[in-house]
$ cat work_25.pdb   # PDB, C-alpha atoms
ATOM      1  CA  MET H   1     -70.387 -28.327  19.084  1.00  0.00           C
ATOM      2  CA  SER H   2     -72.966 -30.334  20.949  1.00  0.00           C
ATOM      3  CA  ASP H   3     -74.757 -33.287  19.417  1.00  0.00           C
ATOM      4  CA  ASP H   4     -77.776 -32.661  21.628  1.00  0.00           C
ATOM      5  CA  HIS H   5     -80.066 -31.627  18.783  1.00  0.00           C
ATOM      6  CA  ASN H   6     -79.336 -34.538  16.576  1.00  0.00           C
ATOM      7  CA  GLY H   7     -80.287 -35.754  13.148  1.00  0.00           C
ATOM      8  CA  PRO H   8     -78.348 -37.251  10.277  1.00  0.00           C
ATOM      9  CA  ALA H   9     -77.745 -33.865   8.630  1.00  0.00           C
ATOM     10  CA  LEU H  10     -76.417 -32.401  11.864  1.00  0.00           C
ATOM     11  CA  ARG H  11     -74.051 -35.315  12.358  1.00  0.00           C
ATOM     12  CA  THR H  12     -72.563 -34.723   8.903  1.00  0.00           C
ATOM     13  CA  ALA H  13     -72.437 -30.968   9.455  1.00  0.00           C
ATOM     14  CA  LEU H  14     -70.607 -31.368  12.769  1.00  0.00           C
ATOM     15  CA  ALA H  15     -68.123 -33.841  11.316  1.00  0.00           C
ATOM     16  CA  TYR H  16     -67.423 -31.359   8.504  1.00  0.00           C
ATOM     17  CA  HIS H  17     -67.183 -28.491  10.983  1.00  0.00           C
ATOM     18  CA  ARG H  18     -64.795 -30.342  13.280  1.00  0.00           C
ATOM     19  CA  ALA H  19     -62.597 -31.279  10.340  1.00  0.00           C
ATOM     20  CA  TRP H  20     -62.091 -27.813   8.896  1.00  0.00           C
ATOM     21  CA  THR H  21     -61.885 -26.025  12.248  1.00  0.00           C
ATOM     22  CA  SER H  22     -59.073 -28.410  13.200  1.00  0.00           C
ATOM     23  CA  GLY H  23     -57.295 -27.517   9.950  1.00  0.00           C
ATOM     24  CA  ASP H  24     -58.114 -30.793   8.154  1.00  0.00           C
ATOM     25  CA  LEU H  25     -59.067 -29.474   4.702  1.00  0.00           C
ATOM     26  CA  ASP H  26     -59.034 -32.915   3.049  1.00  0.00           C
ATOM     27  CA  GLY H  27     -61.191 -34.351   5.823  1.00  0.00           C
ATOM     28  CA  ALA H  28     -63.686 -31.516   5.484  1.00  0.00           C
ATOM     29  CA  MET H  29     -63.855 -31.801   1.701  1.00  0.00           C
ATOM     30  CA  ALA H  30     -64.800 -35.489   2.022  1.00  0.00           C
ATOM     31  CA  TYR H  31     -68.256 -34.241   3.134  1.00  0.00           C
ATOM     32  CA  VAL H  32     -68.692 -31.854   0.194  1.00  0.00           C
ATOM     33  CA  ALA H  33     -70.587 -32.911  -2.943  1.00  0.00           C
ATOM     34  CA  ASP H  34     -68.941 -32.448  -6.353  1.00  0.00           C
ATOM     35  CA  ASP H  35     -71.675 -30.077  -7.544  1.00  0.00           C
ATOM     36  CA  VAL H  36     -71.960 -28.126  -4.274  1.00  0.00           C
ATOM     37  CA  PHE H  37     -73.387 -24.608  -4.295  1.00  0.00           C
ATOM     38  CA  TRP H  38     -71.769 -22.246  -1.775  1.00  0.00           C
ATOM     39  CA  ARG H  39     -73.231 -18.826  -1.153  1.00  0.00           C
ATOM     40  CA  THR H  40     -70.482 -16.766   0.512  1.00  0.00           C
ATOM     41  CA  PRO H  41     -70.747 -13.039   1.308  1.00  0.00           C
ATOM     42  CA  GLY H  42     -70.588 -11.251  -2.039  1.00  0.00           C
ATOM     43  CA  GLU H  43     -69.889 -14.350  -4.156  1.00  0.00           C
ATOM     44  CA  ASP H  44     -71.740 -17.537  -5.136  1.00  0.00           C
ATOM     45  CA  LEU H  45     -69.424 -20.476  -5.769  1.00  0.00           C
ATOM     46  CA  THR H  46     -70.245 -23.709  -7.619  1.00  0.00           C
ATOM     47  CA  GLY H  47     -68.310 -26.964  -7.515  1.00  0.00           C
ATOM     48  CA  LYS H  48     -65.890 -28.659  -5.190  1.00  0.00           C
ATOM     49  CA  ASP H  49     -62.729 -26.997  -6.573  1.00  0.00           C
ATOM     50  CA  ALA H  50     -64.056 -23.484  -5.918  1.00  0.00           C
ATOM     51  CA  TYR H  51     -65.241 -24.596  -2.480  1.00  0.00           C
ATOM     52  CA  ARG H  52     -61.822 -25.990  -1.605  1.00  0.00           C
ATOM     53  CA  ASP H  53     -60.056 -22.838  -2.808  1.00  0.00           C
ATOM     54  CA  PHE H  54     -62.277 -20.605  -0.645  1.00  0.00           C
ATOM     55  CA  LEU H  55     -62.095 -22.774   2.474  1.00  0.00           C
ATOM     56  CA  GLY H  56     -58.356 -23.294   2.063  1.00  0.00           C
ATOM     57  CA  GLY H  57     -57.887 -19.546   1.716  1.00  0.00           C
ATOM     58  CA  PHE H  58     -59.795 -18.891   4.916  1.00  0.00           C
ATOM     59  CA  LEU H  59     -57.796 -21.543   6.768  1.00  0.00           C
ATOM     60  CA  ARG H  60     -54.629 -19.526   6.076  1.00  0.00           C
ATOM     61  CA  VAL H  61     -55.939 -16.743   8.373  1.00  0.00           C
ATOM     62  CA  PHE H  62     -58.087 -18.914  10.680  1.00  0.00           C
ATOM     63  CA  THR H  63     -56.685 -19.416  14.191  1.00  0.00           C
ATOM     64  CA  GLY H  64     -59.567 -21.160  16.014  1.00  0.00           C
ATOM     65  CA  SER H  65     -63.291 -21.290  16.670  1.00  0.00           C
ATOM     66  CA  THR H  66     -65.724 -20.883  19.541  1.00  0.00           C
ATOM     67  CA  ASP H  67     -68.973 -22.782  19.132  1.00  0.00           C
ATOM     68  CA  VAL H  68     -72.297 -21.071  19.828  1.00  0.00           C
ATOM     69  CA  ALA H  69     -75.053 -23.444  18.657  1.00  0.00           C
ATOM     70  CA  ALA H  70     -75.807 -26.266  16.234  1.00  0.00           C
ATOM     71  CA  PHE H  71     -79.156 -27.674  15.157  1.00  0.00           C
ATOM     72  CA  GLY H  72     -80.316 -29.965  12.404  1.00  0.00           C
ATOM     73  CA  ASP H  73     -82.859 -32.433  11.117  1.00  0.00           C
ATOM     74  CA  GLN H  74     -83.089 -34.932   8.271  1.00  0.00           C
ATOM     75  CA  GLU H  75     -81.693 -32.750   5.522  1.00  0.00           C
ATOM     76  CA  GLN H  76     -80.472 -29.453   6.922  1.00  0.00           C
ATOM     77  CA  ALA H  77     -78.225 -28.121   9.640  1.00  0.00           C
ATOM     78  CA  LEU H  78     -77.739 -24.646  11.049  1.00  0.00           C
ATOM     79  CA  LEU H  79     -74.524 -23.721  12.850  1.00  0.00           C
ATOM     80  CA  CYS H  80     -73.434 -20.562  14.661  1.00  0.00           C
ATOM     81  CA  TYR H  81     -69.879 -19.999  15.892  1.00  0.00           C
ATOM     82  CA  TYR H  82     -67.148 -17.423  16.295  1.00  0.00           C
ATOM     83  CA  PRO H  83     -64.304 -17.940  13.831  1.00  0.00           C
ATOM     84  CA  HIS H  84     -61.061 -16.467  15.149  1.00  0.00           C
ATOM     85  CA  THR H  85     -58.485 -14.651  13.071  1.00  0.00           C
ATOM     86  CA  ASP H  86     -55.781 -12.188  14.038  1.00  0.00           C
ATOM     87  CA  VAL H  87     -58.347  -9.435  13.318  1.00  0.00           C
ATOM     88  CA  THR H  88     -61.336 -10.610  15.381  1.00  0.00           C
ATOM     89  CA  GLY H  89     -62.735 -13.383  17.527  1.00  0.00           C
ATOM     90  CA  THR H  90     -66.011 -11.685  18.396  1.00  0.00           C
ATOM     91  CA  ALA H  91     -67.770 -11.532  15.012  1.00  0.00           C
ATOM     92  CA  PRO H  92     -70.173 -14.479  14.733  1.00  0.00           C
ATOM     93  CA  ALA H  93     -70.679 -16.561  11.605  1.00  0.00           C
ATOM     94  CA  ALA H  94     -73.503 -18.882  10.638  1.00  0.00           C
ATOM     95  CA  GLU H  95     -73.883 -21.663   8.105  1.00  0.00           C
ATOM     96  CA  HIS H  96     -77.040 -23.252   6.740  1.00  0.00           C
ATOM     97  CA  LEU H  97     -76.090 -26.601   5.230  1.00  0.00           C
ATOM     98  CA  THR H  98     -78.271 -28.764   3.013  1.00  0.00           C
ATOM     99  CA  ILE H  99     -77.115 -32.361   3.129  1.00  0.00           C
ATOM    100  CA  ARG H 100     -78.101 -35.315   0.960  1.00  0.00           C
ATOM    101  CA  ASP H 101     -76.641 -38.836   1.199  1.00  0.00           C
ATOM    102  CA  GLY H 102     -74.067 -37.613   3.692  1.00  0.00           C
ATOM    103  CA  GLN H 103     -72.762 -34.876   1.396  1.00  0.00           C
ATOM    104  CA  ILE H 104     -73.122 -31.101   1.624  1.00  0.00           C
ATOM    105  CA  VAL H 105     -74.940 -29.979  -1.522  1.00  0.00           C
ATOM    106  CA  GLU H 106     -75.569 -26.379  -0.474  1.00  0.00           C
ATOM    107  CA  ASN H 107     -74.017 -24.026   2.073  1.00  0.00           C
ATOM    108  CA  LEU H 108     -75.288 -20.564   2.896  1.00  0.00           C
ATOM    109  CA  LEU H 109     -72.434 -18.892   4.782  1.00  0.00           C
ATOM    110  CA  VAL H 110     -73.117 -15.689   6.677  1.00  0.00           C
ATOM    111  CA  PHE H 111     -70.468 -13.426   8.161  1.00  0.00           C
ATOM    112  CA  ASP H 112     -69.713  -9.719   8.092  1.00  0.00           C
ATOM    113  CA  ARG H 113     -66.771  -9.139   5.751  1.00  0.00           C
ATOM    114  CA  LEU H 114     -66.015  -5.751   7.311  1.00  0.00           C
ATOM    115  CA  SER H 115     -65.539  -7.329  10.756  1.00  0.00           C
ATOM    116  CA  PHE H 116     -62.841  -9.628   9.346  1.00  0.00           C
ATOM    117  CA  ALA H 117     -61.073  -7.025   7.202  1.00  0.00           C
ATOM    118  CA  PRO H 118     -57.565  -6.043   8.269  1.00  0.00           C
ATOM    119  CA  PRO H 119     -57.476  -2.665  10.032  1.00  0.00           C
ATOM    120  CA  GLN H 120     -56.848   0.170   7.611  1.00  0.00           C
ATOM    121  CA  ALA H 121     -53.396   1.734   7.898  1.00  0.00           C
TER     122      ALA H 121
ATOM    123  CA  MET R   1     -90.953 -19.991   9.465  1.00  0.00           C
ATOM    124  CA  SER R   2     -91.908 -23.536  10.301  1.00  0.00           C
ATOM    125  CA  ASP R   3     -92.698 -24.654  13.822  1.00  0.00           C
ATOM    126  CA  ASP R   4     -91.517 -28.181  13.042  1.00  0.00           C
ATOM    127  CA  HIS R   5     -88.473 -28.005  15.293  1.00  0.00           C
ATOM    128  CA  ASN R   6     -90.227 -26.743  18.302  1.00  0.00           C
ATOM    129  CA  GLY R   7     -89.380 -25.678  21.809  1.00  0.00           C
ATOM    130  CA  PRO R   8     -90.408 -22.783  24.000  1.00  0.00           C
ATOM    131  CA  ALA R   9     -87.481 -20.619  22.897  1.00  0.00           C
ATOM    132  CA  LEU R  10     -88.258 -21.213  19.238  1.00  0.00           C
ATOM    133  CA  ARG R  11     -91.913 -20.304  19.739  1.00  0.00           C
ATOM    134  CA  THR R  12     -90.905 -16.966  21.248  1.00  0.00           C
ATOM    135  CA  ALA R  13     -88.280 -16.403  18.562  1.00  0.00           C
ATOM    136  CA  LEU R  14     -90.768 -17.065  15.775  1.00  0.00           C
ATOM    137  CA  ALA R  15     -93.391 -14.795  17.328  1.00  0.00           C
ATOM    138  CA  TYR R  16     -90.770 -12.051  17.553  1.00  0.00           C
ATOM    139  CA  HIS R  17     -89.612 -12.743  13.998  1.00  0.00           C
ATOM    140  CA  ARG R  18     -93.140 -12.671  12.569  1.00  0.00           C
ATOM    141  CA  ALA R  19     -93.859  -9.412  14.378  1.00  0.00           C
ATOM    142  CA  TRP R  20     -90.888  -7.416  13.119  1.00  0.00           C
ATOM    143  CA  THR R  21     -90.905  -8.878   9.617  1.00  0.00           C
ATOM    144  CA  SER R  22     -94.530  -7.796   9.295  1.00  0.00           C
ATOM    145  CA  GLY R  23     -93.518  -4.276  10.377  1.00  0.00           C
ATOM    146  CA  ASP R  24     -94.944  -4.543  13.899  1.00  0.00           C
ATOM    147  CA  LEU R  25     -92.121  -2.930  15.896  1.00  0.00           C
ATOM    148  CA  ASP R  26     -94.174  -2.647  19.108  1.00  0.00           C
ATOM    149  CA  GLY R  27     -95.248  -6.260  18.837  1.00  0.00           C
ATOM    150  CA  ALA R  28     -91.656  -7.384  18.345  1.00  0.00           C
ATOM    151  CA  MET R  29     -90.344  -5.306  21.249  1.00  0.00           C
ATOM    152  CA  ALA R  30     -92.834  -7.023  23.591  1.00  0.00           C
ATOM    153  CA  TYR R  31     -90.548 -10.085  23.380  1.00  0.00           C
ATOM    154  CA  VAL R  32     -87.348  -8.157  24.189  1.00  0.00           C
ATOM    155  CA  ALA R  33     -86.003  -7.949  27.765  1.00  0.00           C
ATOM    156  CA  ASP R  34     -85.188  -4.542  29.257  1.00  0.00           C
ATOM    157  CA  ASP R  35     -81.510  -5.426  29.697  1.00  0.00           C
ATOM    158  CA  VAL R  36     -81.109  -7.183  26.343  1.00  0.00           C
ATOM    159  CA  PHE R  37     -77.669  -7.523  24.791  1.00  0.00           C
ATOM    160  CA  TRP R  38     -77.622  -7.293  20.988  1.00  0.00           C
ATOM    161  CA  ARG R  39     -74.477  -8.060  19.048  1.00  0.00           C
ATOM    162  CA  THR R  40     -74.918  -6.510  15.605  1.00  0.00           C
ATOM    163  CA  PRO R  41     -72.206  -6.387  12.918  1.00  0.00           C
ATOM    164  CA  GLY R  42     -69.631  -3.873  14.145  1.00  0.00           C
ATOM    165  CA  GLU R  43     -71.579  -2.735  17.215  1.00  0.00           C
ATOM    166  CA  ASP R  44     -72.707  -4.251  20.514  1.00  0.00           C
ATOM    167  CA  LEU R  45     -75.929  -2.715  21.847  1.00  0.00           C
ATOM    168  CA  THR R  46     -77.294  -2.921  25.401  1.00  0.00           C
ATOM    169  CA  GLY R  47     -80.825  -2.173  26.548  1.00  0.00           C
ATOM    170  CA  LYS R  48     -84.249  -2.068  24.993  1.00  0.00           C
ATOM    171  CA  ASP R  49     -84.050   1.536  23.758  1.00  0.00           C
ATOM    172  CA  ALA R  50     -80.916   0.877  21.702  1.00  0.00           C
ATOM    173  CA  TYR R  51     -82.497  -2.335  20.411  1.00  0.00           C
ATOM    174  CA  ARG R  52     -85.636  -0.518  19.324  1.00  0.00           C
ATOM    175  CA  ASP R  53     -83.636   2.228  17.594  1.00  0.00           C
ATOM    176  CA  PHE R  54     -81.600  -0.303  15.604  1.00  0.00           C
ATOM    177  CA  LEU R  55     -84.562  -2.491  14.624  1.00  0.00           C
ATOM    178  CA  GLY R  56     -86.717   0.520  13.810  1.00  0.00           C
ATOM    179  CA  GLY R  57     -83.918   1.905  11.635  1.00  0.00           C
ATOM    180  CA  PHE R  58     -83.670  -1.349   9.697  1.00  0.00           C
ATOM    181  CA  LEU R  59     -87.434  -1.490   9.226  1.00  0.00           C
ATOM    182  CA  ARG R  60     -87.228   1.801   7.306  1.00  0.00           C
ATOM    183  CA  VAL R  61     -85.300   0.024   4.515  1.00  0.00           C
ATOM    184  CA  PHE R  62     -86.754  -3.491   5.005  1.00  0.00           C
ATOM    185  CA  THR R  63     -89.184  -4.623   2.302  1.00  0.00           C
ATOM    186  CA  GLY R  64     -89.766  -8.297   3.170  1.00  0.00           C
ATOM    187  CA  SER R  65     -88.211 -11.589   4.189  1.00  0.00           C
ATOM    188  CA  THR R  66     -87.750 -15.102   2.858  1.00  0.00           C
ATOM    189  CA  ASP R  67     -87.413 -17.790   5.518  1.00  0.00           C
ATOM    190  CA  VAL R  68     -84.662 -20.409   5.272  1.00  0.00           C
ATOM    191  CA  ALA R  69     -84.640 -22.331   8.571  1.00  0.00           C
ATOM    192  CA  ALA R  70     -85.502 -22.054  12.256  1.00  0.00           C
ATOM    193  CA  PHE R  71     -84.483 -24.306  15.140  1.00  0.00           C
ATOM    194  CA  GLY R  72     -84.601 -24.045  18.896  1.00  0.00           C
ATOM    195  CA  ASP R  73     -84.732 -25.740  22.251  1.00  0.00           C
ATOM    196  CA  GLN R  74     -85.451 -24.753  25.836  1.00  0.00           C
ATOM    197  CA  GLU R  75     -83.430 -21.551  25.934  1.00  0.00           C
ATOM    198  CA  GLN R  76     -82.046 -20.747  22.500  1.00  0.00           C
ATOM    199  CA  ALA R  77     -83.207 -20.371  18.922  1.00  0.00           C
ATOM    200  CA  LEU R  78     -81.303 -20.100  15.676  1.00  0.00           C
ATOM    201  CA  LEU R  79     -82.913 -18.506  12.624  1.00  0.00           C
ATOM    202  CA  CYS R  80     -81.725 -18.075   9.045  1.00  0.00           C
ATOM    203  CA  TYR R  81     -83.563 -15.947   6.491  1.00  0.00           C
ATOM    204  CA  TYR R  82     -83.135 -13.528   3.624  1.00  0.00           C
ATOM    205  CA  PRO R  83     -84.029  -9.958   4.583  1.00  0.00           C
ATOM    206  CA  HIS R  84     -85.054  -7.942   1.538  1.00  0.00           C
ATOM    207  CA  THR R  85     -84.167  -4.322   0.927  1.00  0.00           C
ATOM    208  CA  ASP R  86     -84.007  -2.306  -2.265  1.00  0.00           C
ATOM    209  CA  VAL R  87     -80.303  -3.234  -2.417  1.00  0.00           C
ATOM    210  CA  THR R  88     -80.477  -7.031  -2.049  1.00  0.00           C
ATOM    211  CA  GLY R  89     -82.735  -9.979  -1.348  1.00  0.00           C
ATOM    212  CA  THR R  90     -80.075 -12.677  -1.745  1.00  0.00           C
ATOM    213  CA  ALA R  91     -77.778 -11.974   1.227  1.00  0.00           C
ATOM    214  CA  PRO R  92     -78.719 -14.298   4.108  1.00  0.00           C
ATOM    215  CA  ALA R  93     -78.876 -13.240   7.750  1.00  0.00           C
ATOM    216  CA  ALA R  94     -78.861 -15.345  10.903  1.00  0.00           C
ATOM    217  CA  GLU R  95     -79.861 -14.724  14.498  1.00  0.00           C
ATOM    218  CA  HIS R  96     -78.953 -16.682  17.593  1.00  0.00           C
ATOM    219  CA  LEU R  97     -81.451 -15.758  20.316  1.00  0.00           C
ATOM    220  CA  THR R  98     -81.154 -16.578  24.001  1.00  0.00           C
ATOM    221  CA  ILE R  99     -84.578 -16.507  25.639  1.00  0.00           C
ATOM    222  CA  ARG R 100     -85.520 -16.587  29.307  1.00  0.00           C
ATOM    223  CA  ASP R 101     -89.054 -16.370  30.688  1.00  0.00           C
ATOM    224  CA  GLY R 102     -90.381 -15.612  27.211  1.00  0.00           C
ATOM    225  CA  GLN R 103     -88.059 -12.649  26.686  1.00  0.00           C
ATOM    226  CA  ILE R 104     -85.056 -12.248  24.411  1.00  0.00           C
ATOM    227  CA  VAL R 105     -82.061 -11.535  26.661  1.00  0.00           C
ATOM    228  CA  GLU R 106     -79.365 -11.870  23.996  1.00  0.00           C
ATOM    229  CA  ASN R 107     -79.306 -11.712  20.210  1.00  0.00           C
ATOM    230  CA  LEU R 108     -76.306 -12.460  18.030  1.00  0.00           C
ATOM    231  CA  LEU R 109     -77.182 -11.031  14.617  1.00  0.00           C
ATOM    232  CA  VAL R 110     -75.089 -12.001  11.616  1.00  0.00           C
ATOM    233  CA  PHE R 111     -75.246 -10.348   8.215  1.00  0.00           C
ATOM    234  CA  ASP R 112     -72.751  -8.938   5.752  1.00  0.00           C
ATOM    235  CA  ARG R 113     -72.903  -5.145   5.932  1.00  0.00           C
ATOM    236  CA  LEU R 114     -71.270  -4.763   2.507  1.00  0.00           C
ATOM    237  CA  SER R 115     -74.052  -6.799   0.852  1.00  0.00           C
ATOM    238  CA  PHE R 116     -76.666  -4.369   2.198  1.00  0.00           C
ATOM    239  CA  ALA R 117     -74.734  -1.168   1.490  1.00  0.00           C
ATOM    240  CA  PRO R 118     -76.184   1.111  -1.178  1.00  0.00           C
ATOM    241  CA  PRO R 119     -74.287   0.881  -4.479  1.00  0.00           C
ATOM    242  CA  GLN R 120     -71.510   3.442  -4.687  1.00  0.00           C
ATOM    243  CA  ALA R 121     -72.188   6.278  -7.093  1.00  0.00           C
TER     244      ALA R 121
END

$ encode --input "work_25.pdb" --output "structure tokens"
Amino acid sequence: MSDDHNGPALRTALAYHRAWTSGDLDGAMAYVADDVFWRTPGEDLTGKDAYRDFLGGFLRVFTGSTDVAAFGDQEQALLCYYPHTDVTGTAPAAEHLTIRDGQIVENLLVFDRLSFAPPQA
Amino acid sequence: MSDDHNGPALRTALAYHRAWTSGDLDGAMAYVADDVFWRTPGEDLTGKDAYRDFLGGFLRVFTGSTDVAAFGDQEQALLCYYPHTDVTGTAPAAEHLTIRDGQIVENLLVFDRLSFAPPQA
């Protein structure tokens, strides 16, 4: 994503985003605080282990990403992109990240679970 | 939402957002272009009539909104907020708006349909 709308939180958010969307789970997790709160659709997760499990699980079906927009300021960043899986590449996702001391302390993740569900037999 | 991260697209986006979240459907539609494209979860809509039908339908169950963040620049805005219904007030939504000449020409709307579905009997 573009660095045009820059701020320290956005720089961290984009580094995190580039890491996980290139499949680098360890690199991504380096930006995640130990006591992170992650609001995912239908489930609130707390702590780095739960975060890693969820992100790692998604990476098993993730095939790529198309960036839409990225903004940020001193302490927050807001990203919009299309995650690709074998099911869809046209359902957008968004993340609102709260970042302190270079670490993600909160992530509000928005996507439509139904759009990513495997087709029913 | 805050005007801190300002730009002409964000000003239009926030005016639109304030209109519909206060129940002013006509006021909101004044910011929507005739040939608008609206990507909603599971359905792409084209044209102002389809846009109005969808937004008006949501307003029938909408009870309020909590702002999270809003950013924008010359031609795009990105909003994150919690829409409230009788079902949930803790499932975030996001909108990526493309704005030309003060009119919304494209809206990518992200929310999790399952989080807003009525509980199953």

$ closest_residue --input "work_25.pdb" --among "R:Leu59, R:Val68, R:Leu45, R:Leu108" --to "Cys80 in chain H" --atoms "only C-alpha atoms"
R:Leu108

$ atom_distance --input "work_25.pdb" --atom1 "CA of Val36 in chain H" --atom2 "CA of His96 in chain R"
25.7 Å

$ interface_residues --input "work_25.pdb" --of "chain H" --to "chain R" --cutoff "12 Å" --atoms "only C-alpha atoms" --output "VMD selection string"
chain H and resid 4 to 7 10 39 to 44 67 to 82 88 90 to 98 107 to 117

$ atom_distance --input "work_25.pdb" --atom1 "CA of His84 in chain H" --atom2 "CA of Gly57 in chain H"
14.1 Å

$ atom_distance --input "work_25.pdb" --atom1 "CA of Gln103 in chain R" --atom2 "CA of Phe62 in chain R"
23.6 Å

$ resolve_selection --input "work_25.pdb" --expression "the PyMOL selection byres ((chain R and resi 35) around 8)" --output "VMD selection string"
chain R and resid 33 to 34 36 to 37 46 to 48 105

$ closest_residue --input "work_25.pdb" --among "R:Gly56, R:Pro8, R:Asp86, R:Ile104" --to "Trp20 in chain R" --atoms "all atoms listed in the file"
R:Gly56
